[in-house]
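Student: Below is the structure I would like to discuss, written out as structure tokens.
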Amino acid sequence: MFKELRIFLTAVMFYTRIPVPHFTDYSPENLNKATRYFPLIGLLVGGIGALVFWGTRMILPVKVAVLLTMVAQIMVTGAFHEDAFADFCDGFGGGYTKERILAIMKDSRIGTYGAAGLVMMLITRFSLLSEFEVAFIPVALIVAHTVSRLVPVLLIFSSEYVSDPDKSKSKPVGQKSSKVTLFVALLFGLLPL
């Protein structure tokens with residue numbers, strides 16, 4: 001049980017900015033196994049967003065509460081997903097070959113495509129959340145963050161890595177998942193539904 005707790009805390013350490021106890025040492029093995037807890041991390045991030053929305057909605061207009069919720073979730077994750085989306089936009093906007101796309105995506109700088117994509121994604125997220133029934137927004141935050149983190153686990157389990165794993169920034173996370181990892185991820189990923 002303690003080993004699973006360390007694996008879960010490794011996921012918290014890697015995918016959020018939430019402090020973890022000092023006994024959570026980094027290990028490539030635990031990081032690879034941490035993929036099973038992606039959906040649980042989504043549940044945590046979505047839950048924090050739901051709490052921020054619920055608390056701010058009591059005193060502020062819906063759109064301001066939605067904006068503050070987005071800010072809180074970006075702060076909790078360290079803009080991890082926003083950075084990845086900007087890399088994706090830069091890579092596919094500026095690259096024409098597989099090698100060039102991957103090289104651009106690994107570049108830590110943000111380009112025009114990344115900046116434009118990131119702004120449009122944030123505006124879209126804000127606009128869509130603002131259109132939900134107020135009572136449904138916390139539920140939508142929890143479900144969306146949890147289910148969306150199940151998708152990478154399914155992709156890791158069913159797909160081959162696109163480039164040489166030894167040269168990847170994301171190793172060992174991109175390694176093939178076990179059936180146990182898939183089962184645990186499915187359990188947590190489908191729980192909010």
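In the structure tokens, each chain is lettered A, B, ... as it comes, each chain's residues begin at 1, and ligands are numbered from 1 in order of appearance.
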Using only C-alpha atoms, which residues sit within 12 Å of stretch 24-39 of chain A once same-chain residues fewer than 5 positions away are excluded, as a PyMOL selection string?
Tutor: chain A and resi 2-16+19+44-47+142-157+170-192
Student: Mind the document's chain letters and residue numbers, and return as an MDAnalysis selection string the residues of stretch 5-51 of chain A that DSSP labels helix (DSSP H, G or I).
Tutor: chainID A and resid 5:15 28:51
Student: Dump N, CA and C atoms for the selected residues as a compact mmCIF listing (two decimals), in the first residue's frame?
Tutor:
# COMPACT_ATOMS: atom_id res chain seq x y z
N LEU A 5 1.07 4.40 -2.65
CA LEU A 5 0.98 5.79 -2.21
C LEU A 5 2.14 6.60 -2.79
N ARG A 6 3.34 6.02 -2.79
CA ARG A 6 4.50 6.71 -3.38
C ARG A 6 4.32 6.92 -4.88
N ILE A 7 3.73 5.94 -5.56
CA ILE A 7 3.47 6.07 -7.00
C ILE A 7 2.45 7.19 -7.24
N PHE A 8 1.38 7.21 -6.43
CA PHE A 8 0.38 8.27 -6.56
C PHE A 8 1.00 9.64 -6.28
N LEU A 9 1.80 9.74 -5.22
CA LEU A 9 2.43 11.02 -4.89
C LEU A 9 3.44 11.44 -5.96
N THR A 10 4.05 10.47 -6.64
CA THR A 10 4.91 10.80 -7.78
C THR A 10 4.09 11.47 -8.87
N ALA A 11 2.89 10.95 -9.12
CA ALA A 11 1.99 11.57 -10.11
C ALA A 11 1.62 12.98 -9.67
N VAL A 12 1.31 13.16 -8.40
CA VAL A 12 0.98 14.50 -7.88
C VAL A 12 2.17 15.43 -8.06
N MET A 13 3.38 14.94 -7.75
CA MET A 13 4.59 15.75 -7.85
C MET A 13 4.88 16.15 -9.30
N PHE A 14 4.66 15.23 -10.22
CA PHE A 14 5.03 15.47 -11.62
C PHE A 14 3.98 16.28 -12.38
N TYR A 15 2.69 16.08 -12.07
CA TYR A 15 1.62 16.68 -12.86
C TYR A 15 0.91 17.85 -12.19
N PRO A 28 12.33 6.69 -11.98
CA PRO A 28 11.74 6.48 -13.31
C PRO A 28 10.67 5.39 -13.31
N GLU A 29 10.88 4.36 -12.51
CA GLU A 29 9.90 3.26 -12.43
C GLU A 29 8.57 3.77 -11.86
N ASN A 30 8.63 4.55 -10.78
CA ASN A 30 7.39 5.09 -10.20
C ASN A 30 6.71 6.07 -11.13
N LEU A 31 7.51 6.86 -11.86
CA LEU A 31 6.91 7.81 -12.80
C LEU A 31 6.17 7.07 -13.91
N ASN A 32 6.74 6.00 -14.41
CA ASN A 32 6.06 5.23 -15.45
C ASN A 32 4.78 4.60 -14.90
N LYS A 33 4.83 4.08 -13.70
CA LYS A 33 3.63 3.48 -13.08
C LYS A 33 2.60 4.54 -12.71
N ALA A 34 3.05 5.79 -12.54
CA ALA A 34 2.14 6.88 -12.14
C ALA A 34 1.07 7.16 -13.18
N THR A 35 1.24 6.67 -14.41
CA THR A 35 0.22 6.90 -15.43
C THR A 35 -1.13 6.34 -15.00
N ARG A 36 -1.11 5.31 -14.16
CA ARG A 36 -2.39 4.74 -13.69
C ARG A 36 -3.20 5.74 -12.89
N TYR A 37 -2.53 6.76 -12.36
CA TYR A 37 -3.22 7.76 -11.54
C TYR A 37 -3.51 9.06 -12.28
N PHE A 38 -3.28 9.10 -13.61
CA PHE A 38 -3.63 10.30 -14.38
C PHE A 38 -5.07 10.73 -14.11
N PRO A 39 -6.05 9.82 -14.25
CA PRO A 39 -7.44 10.25 -14.02
C PRO A 39 -7.69 10.73 -12.59
N LEU A 40 -7.01 10.12 -11.62
CA LEU A 40 -7.17 10.57 -10.24
C LEU A 40 -6.60 11.97 -10.05
N ILE A 41 -5.50 12.28 -10.74
CA ILE A 41 -4.96 13.64 -10.73
C ILE A 41 -5.99 14.59 -11.35
N GLY A 42 -6.64 14.15 -12.43
CA GLY A 42 -7.71 14.95 -13.04
C GLY A 42 -8.85 15.19 -12.08
N LEU A 43 -9.21 14.17 -11.32
CA LEU A 43 -10.26 14.31 -10.31
C LEU A 43 -9.85 15.35 -9.27
N LEU A 44 -8.58 15.34 -8.88
CA LEU A 44 -8.05 16.30 -7.91
C LEU A 44 -8.07 17.72 -8.48
N VAL A 45 -7.55 17.90 -9.70
CA VAL A 45 -7.51 19.22 -10.33
C VAL A 45 -8.93 19.73 -10.61
N GLY A 46 -9.79 18.85 -11.13
CA GLY A 46 -11.19 19.23 -11.37
C GLY A 46 -11.91 19.57 -10.08
N GLY A 47 -11.61 18.81 -9.02
CA GLY A 47 -12.22 19.09 -7.71
C GLY A 47 -11.80 20.43 -7.15
N ILE A 48 -10.51 20.76 -7.31
CA ILE A 48 -10.03 22.07 -6.86
C ILE A 48 -10.73 23.17 -7.66
N GLY A 49 -10.84 22.97 -8.97
CA GLY A 49 -11.55 23.95 -9.80
C GLY A 49 -13.01 24.10 -9.38
N ALA A 50 -13.65 22.97 -9.09
CA ALA A 50 -15.06 23.01 -8.66
C ALA A 50 -15.20 23.77 -7.35
N LEU A 51 -14.28 23.55 -6.42
CA LEU A 51 -14.33 24.27 -5.14
C LEU A 51 -14.10 25.77 -5.32
Student: Could you tell me how far atom CA of A:Arg17 lies from atom CA of A:Val76, in Å and to one decimal?
Tutor: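 Interatomic distance, atom CA of A:Arg17 to atom CA of A:Val76: 5.4 Å.
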Student: For A:Val71, which residue out of A:Ile137, A:Ile110, A:Leu122, A:Ile18 is the nearest one, using only C-alpha atoms?
Tutor: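 Among the listed residues, the smallest separation from A:Val71 belongs to A:Leu122.
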Student: So which residues touch A:Thr56 within 10 Å, counting only C-alpha atoms, skipping near sequence neighbours fewer than 6 positions away, as a list in words?
Tutor: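 Skipping anything fewer than 6 positions along the chain leaves Ala50, Val62, Val64, Ala65, Val66, Leu68 and Thr69 of chain A.
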Student: Skipping near chain neighbours, those fewer than 4 positions away, what residues fall within 10 Å of A:Ala115 using only C-alpha atoms, listed as a PyMOL selection string?
Tutor: chain A and resi 83+85-87+89-90+110-111+119-121
Student: So what do you get for atom CA of A:Ser130 versus atom CA of A:Leu67, distance-wise?
Tutor: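 For atom CA of A:Ser130 relative to atom CA of A:Leu67, the distance reads 9.0 Å.
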Student: Can you work out which one of A:Ile101, A:Val139, A:Val52, A:Ala84 has the shortest atom-to-atom distance to A:Gly114, counting only C-alpha atoms?
Tutor: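 Looking at the shortest contact to A:Gly114, the residue is A:Ala84.
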Student: Report as a CSV table (one decimal) with all heavy atoms, in the first residue's frame all protein, DNA and RNA residues lying within 6 Å of A:Met105, evaluated on only C-alpha atoms, omitting residues in the same chain fewer than 2 positions from it.
Tutor:
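Output contents, as saved in selection_17.csv:
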chain,number,residue,atom,x,y,z
A,87,ASP,N,3.0,23.8,-27.6
A,87,ASP,CA,4.0,23.0,-28.4
A,87,ASP,C,3.4,22.3,-29.6
A,87,ASP,O,3.9,22.3,-30.7
A,87,ASP,CB,4.6,22.0,-27.5
A,87,ASP,CG,5.6,22.6,-26.5
A,87,ASP,OD1,6.0,23.8,-26.6
A,87,ASP,OD2,5.9,21.9,-25.5
A,91,GLY,N,4.3,23.0,-33.4
A,91,GLY,CA,4.9,21.9,-34.2
A,91,GLY,C,4.1,21.6,-35.5
A,91,GLY,O,4.7,21.6,-36.6
A,102,LEU,N,8.4,17.2,-34.7
A,102,LEU,CA,8.9,16.8,-33.4
A,102,LEU,C,10.0,17.7,-32.8
A,102,LEU,O,10.0,18.0,-31.6
A,102,LEU,CB,9.4,15.3,-33.5
A,102,LEU,CG,8.3,14.3,-33.7
A,102,LEU,CD1,9.0,12.9,-34.0
A,102,LEU,CD2,7.4,14.2,-32.5
A,103,ALA,N,10.9,18.2,-33.7
A,103,ALA,CA,11.9,19.1,-33.2
A,103,ALA,C,11.3,20.4,-32.7
A,103,ALA,O,11.7,20.9,-31.7
A,103,ALA,CB,12.9,19.4,-34.4
A,107,ASP,N,11.1,22.1,-28.7
A,107,ASP,CA,11.7,23.5,-28.4
A,107,ASP,C,11.0,24.1,-27.3
A,107,ASP,O,9.7,24.2,-27.3
A,107,ASP,CB,11.7,24.3,-29.7
A,107,ASP,CG,12.4,25.6,-29.6
A,107,ASP,OD1,12.7,26.1,-28.5
A,107,ASP,OD2,12.7,26.2,-30.6
